[in-house]
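structure-v6.cif follows; it contains mmCIF, N, CA, C and O atoms.
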```cif
data_model
#
loop_
_atom_site.label_atom_id
_atom_site.label_comp_id
_atom_site.auth_asym_id
_atom_site.auth_seq_id
_atom_site.Cartn_x
_atom_site.Cartn_y
_atom_site.Cartn_z
N MET Q 1 0.84 -1.18 0.00
CA MET Q 1 0.00 0.00 0.00
C MET Q 1 0.89 1.25 0.00
O MET Q 1 1.87 1.33 0.72
N VAL Q 2 0.52 2.21 -0.78
CA VAL Q 2 1.26 3.45 -0.88
C VAL Q 2 0.91 4.35 0.30
O VAL Q 2 -0.26 4.54 0.62
N GLN Q 3 1.92 4.87 0.93
CA GLN Q 3 1.71 5.77 2.05
C GLN Q 3 1.52 7.18 1.52
O GLN Q 3 2.38 7.72 0.83
N ARG Q 4 0.37 7.79 1.79
CA ARG Q 4 0.07 9.13 1.29
C ARG Q 4 0.51 10.21 2.25
O ARG Q 4 0.59 11.37 1.89
N SER Q 5 0.78 9.84 3.48
CA SER Q 5 1.15 10.84 4.47
C SER Q 5 2.51 10.49 5.05
O SER Q 5 2.83 9.33 5.26
N SER Q 6 3.27 11.51 5.26
CA SER Q 6 4.58 11.35 5.89
C SER Q 6 4.89 12.68 6.57
O SER Q 6 4.22 13.68 6.31
N PRO Q 7 5.88 12.71 7.43
CA PRO Q 7 6.23 13.99 8.05
C PRO Q 7 6.57 15.05 7.00
O PRO Q 7 6.16 16.20 7.13
N ARG Q 8 7.29 14.66 5.97
CA ARG Q 8 7.66 15.62 4.91
C ARG Q 8 6.41 16.12 4.18
O ARG Q 8 6.29 17.31 3.91
N ARG Q 9 5.48 15.23 3.85
CA ARG Q 9 4.25 15.64 3.16
C ARG Q 9 3.43 16.58 4.03
O ARG Q 9 2.91 17.58 3.56
N ARG Q 10 3.32 16.28 5.31
CA ARG Q 10 2.57 17.16 6.21
C ARG Q 10 3.22 18.53 6.29
O ARG Q 10 2.54 19.55 6.30
N GLN Q 11 4.56 18.56 6.30
CA GLN Q 11 5.30 19.82 6.32
C GLN Q 11 5.04 20.61 5.03
O GLN Q 11 4.82 21.83 5.07
N GLN Q 12 5.04 19.95 3.90
CA GLN Q 12 4.78 20.61 2.62
C GLN Q 12 3.37 21.17 2.56
O GLN Q 12 3.16 22.31 2.12
N LEU Q 13 2.39 20.39 3.00
CA LEU Q 13 1.01 20.85 3.00
C LEU Q 13 0.82 22.04 3.94
O LEU Q 13 0.11 23.00 3.61
N ALA Q 14 1.47 21.98 5.10
CA ALA Q 14 1.37 23.10 6.04
C ALA Q 14 2.00 24.36 5.45
O ALA Q 14 1.44 25.46 5.57
N ALA Q 15 3.14 24.22 4.79
CA ALA Q 15 3.80 25.37 4.16
C ALA Q 15 2.96 25.93 3.03
O ALA Q 15 2.83 27.15 2.88
N PHE Q 16 2.36 25.05 2.23
CA PHE Q 16 1.49 25.50 1.14
C PHE Q 16 0.31 26.28 1.70
O PHE Q 16 -0.03 27.36 1.21
N GLY Q 17 -0.32 25.73 2.73
CA GLY Q 17 -1.45 26.41 3.35
C GLY Q 17 -1.06 27.75 3.96
O GLY Q 17 -1.80 28.73 3.85
N GLU Q 18 0.11 27.80 4.58
CA GLU Q 18 0.59 29.06 5.15
C GLU Q 18 0.82 30.10 4.06
O GLU Q 18 0.53 31.28 4.23
N ASN Q 19 1.32 29.66 2.91
CA ASN Q 19 1.49 30.59 1.79
C ASN Q 19 0.15 31.13 1.30
O ASN Q 19 0.05 32.31 0.95
N ILE Q 20 -0.86 30.29 1.28
CA ILE Q 20 -2.19 30.77 0.90
C ILE Q 20 -2.68 31.80 1.91
O ILE Q 20 -3.22 32.84 1.53
N ARG Q 21 -2.48 31.53 3.19
CA ARG Q 21 -2.88 32.50 4.22
C ARG Q 21 -2.13 33.81 4.03
O ARG Q 21 -2.71 34.89 4.14
N ARG Q 22 -0.85 33.74 3.70
CA ARG Q 22 -0.08 34.96 3.46
C ARG Q 22 -0.61 35.73 2.25
O ARG Q 22 -0.68 36.96 2.28
N TRP Q 23 -0.95 35.00 1.18
CA TRP Q 23 -1.54 35.68 0.01
C TRP Q 23 -2.84 36.37 0.40
O TRP Q 23 -3.15 37.47 -0.08
N ARG Q 24 -3.62 35.73 1.26
CA ARG Q 24 -4.86 36.35 1.74
C ARG Q 24 -4.53 37.64 2.47
O ARG Q 24 -5.18 38.68 2.26
N SER Q 25 -3.49 37.60 3.29
CA SER Q 25 -3.07 38.79 4.03
C SER Q 25 -2.58 39.88 3.07
O SER Q 25 -2.93 41.06 3.23
N VAL Q 26 -1.78 39.49 2.07
CA VAL Q 26 -1.28 40.45 1.07
C VAL Q 26 -2.45 41.14 0.37
O VAL Q 26 -2.39 42.34 0.07
N ASN Q 27 -3.51 40.38 0.13
CA ASN Q 27 -4.70 40.93 -0.54
C ASN Q 27 -5.67 41.59 0.43
O ASN Q 27 -6.77 41.98 0.02
N ALA Q 28 -5.27 41.72 1.69
CA ALA Q 28 -6.07 42.37 2.73
C ALA Q 28 -7.48 41.80 2.80
O ALA Q 28 -8.47 42.52 2.89
N MET Q 29 -7.56 40.47 2.79
CA MET Q 29 -8.85 39.79 2.84
C MET Q 29 -8.97 39.02 4.15
O MET Q 29 -8.02 38.37 4.60
N SER Q 30 -10.13 39.07 4.72
CA SER Q 30 -10.40 38.24 5.88
C SER Q 30 -10.68 36.82 5.39
O SER Q 30 -10.94 36.60 4.20
N ALA Q 31 -10.61 35.87 6.30
CA ALA Q 31 -10.91 34.49 5.92
C ALA Q 31 -12.34 34.38 5.42
O ALA Q 31 -12.61 33.69 4.43
N ALA Q 32 -13.26 35.06 6.07
CA ALA Q 32 -14.66 35.01 5.65
C ALA Q 32 -14.83 35.60 4.25
O ALA Q 32 -15.57 35.05 3.43
N GLU Q 33 -14.13 36.69 3.97
CA GLU Q 33 -14.23 37.32 2.66
C GLU Q 33 -13.67 36.40 1.57
O GLU Q 33 -14.28 36.24 0.51
N LEU Q 34 -12.51 35.79 1.82
CA LEU Q 34 -11.93 34.90 0.82
C LEU Q 34 -12.82 33.68 0.61
O LEU Q 34 -13.06 33.28 -0.53
N ALA Q 35 -13.31 33.10 1.68
CA ALA Q 35 -14.19 31.94 1.55
C ALA Q 35 -15.43 32.31 0.72
O ALA Q 35 -15.83 31.56 -0.17
N ASP Q 36 -15.98 33.48 0.97
CA ASP Q 36 -17.15 33.93 0.22
C ASP Q 36 -16.81 34.13 -1.26
O ASP Q 36 -17.54 33.66 -2.14
N ARG Q 37 -15.71 34.80 -1.54
CA ARG Q 37 -15.30 35.04 -2.94
C ARG Q 37 -15.00 33.74 -3.67
O ARG Q 37 -15.21 33.64 -4.88
N ALA Q 38 -14.47 32.76 -2.97
CA ALA Q 38 -14.12 31.48 -3.58
C ALA Q 38 -15.31 30.51 -3.59
O ALA Q 38 -15.21 29.43 -4.18
N ALA Q 39 -16.39 30.89 -2.95
CA ALA Q 39 -17.59 30.04 -2.84
C ALA Q 39 -17.27 28.70 -2.17
O ALA Q 39 -17.68 27.64 -2.62
N VAL Q 40 -16.48 28.79 -1.10
CA VAL Q 40 -16.20 27.62 -0.26
C VAL Q 40 -16.60 27.97 1.16
O VAL Q 40 -16.74 29.14 1.50
N THR Q 41 -16.75 26.96 1.97
CA THR Q 41 -17.09 27.23 3.36
C THR Q 41 -15.86 27.72 4.11
O THR Q 41 -14.72 27.50 3.68
N ARG Q 42 -16.08 28.37 5.20
CA ARG Q 42 -14.98 28.84 6.05
C ARG Q 42 -14.18 27.64 6.55
O ARG Q 42 -12.96 27.70 6.66
N GLU Q 43 -14.86 26.53 6.83
CA GLU Q 43 -14.18 25.33 7.29
C GLU Q 43 -13.26 24.77 6.20
O GLU Q 43 -12.16 24.30 6.49
N THR Q 44 -13.71 24.82 4.95
CA THR Q 44 -12.86 24.35 3.85
C THR Q 44 -11.63 25.23 3.73
O THR Q 44 -10.51 24.72 3.58
N LEU Q 45 -11.81 26.54 3.80
CA LEU Q 45 -10.66 27.44 3.74
C LEU Q 45 -9.72 27.18 4.90
O LEU Q 45 -8.49 27.15 4.72
N ARG Q 46 -10.25 26.96 6.08
CA ARG Q 46 -9.41 26.66 7.25
C ARG Q 46 -8.60 25.39 7.00
O ARG Q 46 -7.40 25.34 7.31
N ALA Q 47 -9.21 24.36 6.42
CA ALA Q 47 -8.50 23.11 6.14
C ALA Q 47 -7.40 23.34 5.10
O ALA Q 47 -6.29 22.80 5.24
N ILE Q 48 -7.67 24.14 4.09
CA ILE Q 48 -6.66 24.42 3.07
C ILE Q 48 -5.51 25.21 3.68
O ILE Q 48 -4.34 24.88 3.47
N GLU Q 49 -5.82 26.24 4.45
CA GLU Q 49 -4.77 27.07 5.04
C GLU Q 49 -3.96 26.33 6.10
O GLU Q 49 -2.80 26.66 6.32
N SER Q 50 -4.55 25.34 6.72
CA SER Q 50 -3.80 24.57 7.73
C SER Q 50 -3.09 23.38 7.10
O SER Q 50 -2.30 22.71 7.77
N GLY Q 51 -3.37 23.11 5.83
CA GLY Q 51 -2.74 21.99 5.15
C GLY Q 51 -3.30 20.64 5.54
O GLY Q 51 -2.64 19.62 5.37
N THR Q 52 -4.53 20.64 6.04
CA THR Q 52 -5.11 19.38 6.51
C THR Q 52 -6.21 18.84 5.61
O THR Q 52 -6.74 17.77 5.89
N GLY Q 53 -6.56 19.55 4.54
CA GLY Q 53 -7.61 19.01 3.68
C GLY Q 53 -8.08 19.99 2.63
O GLY Q 53 -7.48 21.04 2.43
N GLY Q 54 -9.13 19.60 1.98
CA GLY Q 54 -9.71 20.39 0.91
C GLY Q 54 -9.59 19.67 -0.43
O GLY Q 54 -8.61 18.97 -0.68
N ARG Q 55 -10.61 19.81 -1.24
CA ARG Q 55 -10.59 19.20 -2.57
C ARG Q 55 -9.86 20.11 -3.54
O ARG Q 55 -9.75 21.32 -3.33
N ILE Q 56 -9.38 19.54 -4.63
CA ILE Q 56 -8.61 20.31 -5.59
C ILE Q 56 -9.46 21.42 -6.22
O ILE Q 56 -8.96 22.51 -6.47
N ASP Q 57 -10.74 21.18 -6.45
CA ASP Q 57 -11.57 22.24 -7.02
C ASP Q 57 -11.75 23.38 -6.02
O ASP Q 57 -11.78 24.55 -6.40
N SER Q 58 -11.82 23.06 -4.75
CA SER Q 58 -11.90 24.10 -3.73
C SER Q 58 -10.59 24.88 -3.65
O SER Q 58 -10.58 26.11 -3.53
N LEU Q 59 -9.48 24.15 -3.72
CA LEU Q 59 -8.17 24.80 -3.70
C LEU Q 59 -8.05 25.78 -4.86
O LEU Q 59 -7.64 26.92 -4.68
N PHE Q 60 -8.45 25.36 -6.06
CA PHE Q 60 -8.34 26.25 -7.21
C PHE Q 60 -9.34 27.40 -7.15
O PHE Q 60 -9.05 28.49 -7.66
N ALA Q 61 -10.46 27.20 -6.50
CA ALA Q 61 -11.38 28.32 -6.29
C ALA Q 61 -10.73 29.37 -5.40
O ALA Q 61 -10.83 30.58 -5.67
N VAL Q 62 -10.03 28.92 -4.37
CA VAL Q 62 -9.33 29.84 -3.46
C VAL Q 62 -8.18 30.54 -4.20
O VAL Q 62 -8.03 31.76 -4.12
N LEU Q 63 -7.39 29.76 -4.94
CA LEU Q 63 -6.29 30.36 -5.71
C LEU Q 63 -6.82 31.37 -6.71
O LEU Q 63 -6.23 32.44 -6.89
N GLY Q 64 -7.93 31.06 -7.35
CA GLY Q 64 -8.54 31.98 -8.31
C GLY Q 64 -9.02 33.26 -7.64
O GLY Q 64 -8.81 34.36 -8.15
N ALA Q 65 -9.63 33.12 -6.47
CA ALA Q 65 -10.11 34.30 -5.74
C ALA Q 65 -8.94 35.18 -5.29
O ALA Q 65 -9.08 36.39 -5.15
N LEU Q 66 -7.78 34.57 -5.09
CA LEU Q 66 -6.58 35.32 -4.72
C LEU Q 66 -5.87 35.88 -5.95
O LEU Q 66 -4.91 36.65 -5.82
N GLY Q 67 -6.27 35.44 -7.13
CA GLY Q 67 -5.64 35.90 -8.37
C GLY Q 67 -4.34 35.20 -8.70
O GLY Q 67 -3.52 35.74 -9.43
N ILE Q 68 -4.13 33.99 -8.15
CA ILE Q 68 -2.86 33.30 -8.37
C ILE Q 68 -3.02 31.90 -8.96
O ILE Q 68 -2.05 31.13 -9.00
N ALA Q 69 -4.19 31.56 -9.45
CA ALA Q 69 -4.39 30.22 -10.02
C ALA Q 69 -3.46 30.00 -11.21
O ALA Q 69 -2.83 28.94 -11.32
N ASP Q 70 -3.37 30.96 -12.11
CA ASP Q 70 -2.51 30.80 -13.28
C ASP Q 70 -1.04 30.67 -12.87
O ASP Q 70 -0.30 29.89 -13.46
N THR Q 71 -0.64 31.41 -11.86
CA THR Q 71 0.73 31.31 -11.37
C THR Q 71 1.01 29.92 -10.82
O THR Q 71 2.09 29.36 -11.08
N ALA Q 72 0.07 29.34 -10.11
CA ALA Q 72 0.24 27.99 -9.57
C ALA Q 72 0.36 26.97 -10.70
O ALA Q 72 1.20 26.06 -10.65
N ILE Q 73 -0.46 27.12 -11.72
CA ILE Q 73 -0.41 26.20 -12.86
C ILE Q 73 0.94 26.32 -13.57
O ILE Q 73 1.57 25.32 -13.91
N GLU Q 74 1.39 27.54 -13.79
CA GLU Q 74 2.68 27.76 -14.45
C GLU Q 74 3.83 27.18 -13.62
O GLU Q 74 4.81 26.68 -14.18
N ALA Q 75 3.71 27.24 -12.30
CA ALA Q 75 4.79 26.76 -11.43
C ALA Q 75 5.04 25.27 -11.58
O ALA Q 75 6.16 24.81 -11.34
N ILE Q 76 4.03 24.51 -11.97
CA ILE Q 76 4.23 23.06 -12.11
C ILE Q 76 4.31 22.61 -13.56
O ILE Q 76 4.31 21.42 -13.85
N ASP Q 77 4.43 23.54 -14.48
CA ASP Q 77 4.56 23.22 -15.90
C ASP Q 77 5.94 22.61 -16.15
O ASP Q 77 6.96 23.28 -15.98
N PRO Q 78 6.02 21.35 -16.57
CA PRO Q 78 7.33 20.73 -16.77
C PRO Q 78 8.14 21.38 -17.90
O PRO Q 78 9.36 21.30 -17.90
N PHE Q 79 7.47 22.05 -18.82
CA PHE Q 79 8.20 22.71 -19.89
C PHE Q 79 8.96 23.94 -19.39
O PHE Q 79 9.84 24.45 -20.07
N ARG Q 80 8.65 24.42 -18.19
CA ARG Q 80 9.35 25.57 -17.60
C ARG Q 80 10.49 25.15 -16.67
O ARG Q 80 11.14 26.00 -16.09
N SER Q 81 10.69 23.86 -16.53
CA SER Q 81 11.73 23.34 -15.64
C SER Q 81 12.90 22.84 -16.48
O SER Q 81 12.72 22.01 -17.37
N GLU Q 82 14.10 23.33 -16.18
CA GLU Q 82 15.27 22.88 -16.93
C GLU Q 82 15.49 21.38 -16.77
O GLU Q 82 15.82 20.68 -17.74
N THR Q 83 15.31 20.88 -15.57
CA THR Q 83 15.49 19.45 -15.33
C THR Q 83 14.48 18.63 -16.12
O THR Q 83 14.84 17.67 -16.81
N ALA Q 84 13.22 19.01 -16.04
CA ALA Q 84 12.18 18.28 -16.77
C ALA Q 84 12.35 18.46 -18.27
O ALA Q 84 12.13 17.53 -19.04
N ARG Q 85 12.74 19.66 -18.68
CA ARG Q 85 12.91 19.92 -20.11
C ARG Q 85 13.96 18.99 -20.72
O ARG Q 85 13.77 18.48 -21.83
N ALA Q 86 15.04 18.73 -20.01
CA ALA Q 86 16.06 17.80 -20.50
C ALA Q 86 15.46 16.40 -20.66
O ALA Q 86 15.72 15.72 -21.66
N ARG Q 87 14.68 15.98 -19.70
CA ARG Q 87 14.03 14.66 -19.78
C ARG Q 87 13.02 14.63 -20.92
O ARG Q 87 12.93 13.63 -21.64
N ILE Q 88 12.27 15.70 -21.09
CA ILE Q 88 11.30 15.78 -22.19
C ILE Q 88 12.01 15.65 -23.53
O ILE Q 88 11.57 14.92 -24.42
N ASP Q 89 13.14 16.36 -23.68
CA ASP Q 89 13.91 16.26 -24.91
C ASP Q 89 14.34 14.83 -25.17
O ASP Q 89 14.26 14.33 -26.30
N ASP Q 90 14.81 14.12 -24.12
CA ASP Q 90 15.21 12.71 -24.27
C ASP Q 90 14.02 11.85 -24.72
O ASP Q 90 14.15 10.99 -25.59
N ILE Q 91 12.89 12.07 -24.11
CA ILE Q 91 11.69 11.30 -24.46
C ILE Q 91 11.31 11.54 -25.92
O ILE Q 91 11.05 10.59 -26.67
N LEU Q 92 11.28 12.80 -26.33
CA LEU Q 92 10.89 13.12 -27.69
C LEU Q 92 11.92 12.61 -28.71
O LEU Q 92 11.53 12.11 -29.78
N ARG Q 93 13.20 12.72 -28.38
CA ARG Q 93 14.24 12.20 -29.28
C ARG Q 93 14.13 10.70 -29.45
O ARG Q 93 14.44 10.14 -30.50
N GLY Q 94 13.69 10.04 -28.42
CA GLY Q 94 13.53 8.59 -28.46
C GLY Q 94 12.23 8.15 -29.11
O GLY Q 94 11.91 6.96 -29.10
N GLY Q 95 11.48 9.09 -29.66
CA GLY Q 95 10.24 8.75 -30.34
C GLY Q 95 9.02 8.71 -29.44
O GLY Q 95 7.92 8.40 -29.89
N GLY Q 96 9.20 9.04 -28.17
CA GLY Q 96 8.07 9.06 -27.24
C GLY Q 96 7.25 10.32 -27.38
O GLY Q 96 7.56 11.21 -28.18
N SER Q 97 6.19 10.40 -26.62
CA SER Q 97 5.35 11.59 -26.63
C SER Q 97 4.90 11.89 -25.21
O SER Q 97 5.01 11.06 -24.32
N LEU Q 98 4.41 13.07 -25.04
CA LEU Q 98 3.92 13.49 -23.71
C LEU Q 98 2.43 13.61 -23.74
O LEU Q 98 1.80 14.00 -24.61
#
```
Rendering of file as structure tokens:
Amino acid sequence: MVQRSSPRRRQQLAAFGENIRRWRSVNAMSAAELADRAAVTRETLRAIESGTGGRIDSLFAVLGALGIADTAIEAIDPFRSETARARIDDILRGGGSL
């Protein structure tokens, strides 16, 4: 069975949630205001900000309400990563596809 939780994963989720809380602060939004703008419950926003839960559609609703959804998508684009780009080139040269 694959382990989905580990100390490192919990640390990453907590840091991600803290960054969302900071973006909320940068945008001078209360938790209630952000939850309302994102059309999520306050409890869902609390779970996202604490790194303890939330569905991906709720997460993207929050990121969208903060104006950073596109930035998050760009951040994980493998074509923007030098390391991934080298691997992509190898795959394509070998006749593979993405």
Original post:
Once you count only N, CA, C and O atoms, which residues end up no further than 8 Å from (0.1, 32.6, -5.3) in the file's frame, shown as a VMD selection string?
Top reply: chain Q and resid 19 to 20 23 63 66 to 72
Original post:
Where in chain Q does DSSP assign helix (DSSP H, G or I), given as an NGL selection string?
Top reply: :Q and (7-26 or 31-38 or 42-50 or 56-66 or 69-75 or 78-80 or 82-93)
**OP:** Using only C-alpha atoms, determine which residues lie at most 12 Å from Ala14 in chain Q, disregarding the query and same-chain residues fewer than 4 positions distant; provide the list as a PyMOL selection string.
**Re:** chain Q and resi 7-10+18-21+46-53
Would you compute, for all listed atoms of range 77-93 of chain Q, the axis-aligned bounding box grown by 4 Å on each side, and then report its centre and edge lengths in Å rounded to one decimal, as AutoDock Vina command-line options?
```
--center_x 10.2 --center_y 18.1 --center_z -22.5 --size_x 19.6 --size_y 23.9 --size_z 24.0
```
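If you count all atoms listed in the file and ignore residues fewer than 6 places along the chain from range 28-36 of chain Q, what sits within 7 Å of it is Arg21, Arg22, Arg42, Leu45, Ala61, Val62 and Ala65 of chain Q.
Going from CA of Ala84 in chain Q to CA of Leu98 in chain Q covers 11.8 Å.
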Original post:
So how many Å separate atom C of Asp77 in chain Q and CA of Gly94 in chain Q, to one decimal?
Top reply: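 Between atom C of Asp77 in chain Q and CA of Gly94 in chain Q the gap is 20.1 Å.
Note that CA of Gln3 in chain Q and CA of Ile91 in chain Q are 28.9 Å apart.
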Could range 84-95 of chain Q be completed with all heavy atoms and returned as a compact mmCIF listing (two decimals), in the frame of the given file?
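Dumped to rebuild_9.txt:
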```
# COMPACT_ATOMS: atom_id res chain seq x y z
N ALA Q 84 13.22 19.01 -16.04
CA ALA Q 84 12.18 18.28 -16.77
C ALA Q 84 12.35 18.46 -18.27
O ALA Q 84 12.13 17.53 -19.04
CB ALA Q 84 10.80 18.74 -16.34
N ARG Q 85 12.74 19.66 -18.68
CA ARG Q 85 12.91 19.92 -20.11
C ARG Q 85 13.96 18.99 -20.72
O ARG Q 85 13.77 18.48 -21.83
CB ARG Q 85 13.31 21.39 -20.33
CG ARG Q 85 13.34 21.85 -21.74
CD ARG Q 85 11.97 21.81 -22.36
NE ARG Q 85 12.14 21.24 -23.69
CZ ARG Q 85 11.17 20.98 -24.53
NH1 ARG Q 85 9.93 21.24 -24.21
NH2 ARG Q 85 11.41 20.47 -25.69
N ALA Q 86 15.04 18.73 -20.01
CA ALA Q 86 16.06 17.80 -20.50
C ALA Q 86 15.46 16.40 -20.66
O ALA Q 86 15.72 15.72 -21.66
CB ALA Q 86 17.25 17.78 -19.55
N ARG Q 87 14.68 15.98 -19.70
CA ARG Q 87 14.03 14.66 -19.78
C ARG Q 87 13.02 14.63 -20.92
O ARG Q 87 12.93 13.63 -21.64
CB ARG Q 87 13.37 14.33 -18.44
CG ARG Q 87 12.68 13.02 -18.42
CD ARG Q 87 13.67 11.84 -18.50
NE ARG Q 87 12.92 10.61 -18.51
CZ ARG Q 87 13.01 9.70 -19.47
NH1 ARG Q 87 13.86 9.84 -20.46
NH2 ARG Q 87 12.27 8.62 -19.41
N ILE Q 88 12.27 15.70 -21.09
CA ILE Q 88 11.30 15.78 -22.19
C ILE Q 88 12.01 15.65 -23.53
O ILE Q 88 11.57 14.92 -24.42
CB ILE Q 88 10.50 17.10 -22.11
CG1 ILE Q 88 9.55 17.07 -20.91
CG2 ILE Q 88 9.73 17.36 -23.41
CD1 ILE Q 88 8.96 18.41 -20.56
N ASP Q 89 13.14 16.36 -23.68
CA ASP Q 89 13.91 16.26 -24.91
C ASP Q 89 14.34 14.83 -25.17
O ASP Q 89 14.26 14.33 -26.30
CB ASP Q 89 15.12 17.20 -24.87
CG ASP Q 89 14.75 18.67 -24.93
OD1 ASP Q 89 13.60 18.98 -25.33
OD2 ASP Q 89 15.59 19.51 -24.58
N ASP Q 90 14.81 14.12 -24.12
CA ASP Q 90 15.21 12.71 -24.27
C ASP Q 90 14.02 11.85 -24.72
O ASP Q 90 14.15 10.99 -25.59
CB ASP Q 90 15.77 12.15 -22.96
CG ASP Q 90 17.14 12.71 -22.61
OD1 ASP Q 90 17.81 13.26 -23.52
OD2 ASP Q 90 17.52 12.59 -21.43
N ILE Q 91 12.89 12.07 -24.11
CA ILE Q 91 11.69 11.30 -24.46
C ILE Q 91 11.31 11.54 -25.92
O ILE Q 91 11.05 10.59 -26.67
CB ILE Q 91 10.51 11.68 -23.53
CG1 ILE Q 91 10.78 11.18 -22.10
CG2 ILE Q 91 9.19 11.11 -24.06
CD1 ILE Q 91 9.83 11.74 -21.06
N LEU Q 92 11.28 12.80 -26.33
CA LEU Q 92 10.89 13.12 -27.69
C LEU Q 92 11.92 12.61 -28.71
O LEU Q 92 11.53 12.11 -29.78
CB LEU Q 92 10.68 14.62 -27.83
CG LEU Q 92 9.54 15.22 -27.00
CD1 LEU Q 92 9.47 16.71 -27.18
CD2 LEU Q 92 8.22 14.55 -27.32
N ARG Q 93 13.20 12.72 -28.38
CA ARG Q 93 14.24 12.20 -29.28
C ARG Q 93 14.13 10.70 -29.45
O ARG Q 93 14.44 10.14 -30.50
CB ARG Q 93 15.64 12.56 -28.76
CG ARG Q 93 16.16 13.88 -29.29
CD ARG Q 93 17.67 14.03 -29.04
NE ARG Q 93 18.03 13.95 -27.62
CZ ARG Q 93 18.04 15.00 -26.78
NH1 ARG Q 93 17.71 16.19 -27.20
NH2 ARG Q 93 18.38 14.83 -25.53
N GLY Q 94 13.69 10.04 -28.42
CA GLY Q 94 13.53 8.59 -28.46
C GLY Q 94 12.23 8.15 -29.11
O GLY Q 94 11.91 6.96 -29.10
N GLY Q 95 11.48 9.09 -29.66
CA GLY Q 95 10.24 8.75 -30.34
C GLY Q 95 9.02 8.71 -29.44
O GLY Q 95 7.92 8.40 -29.89
```
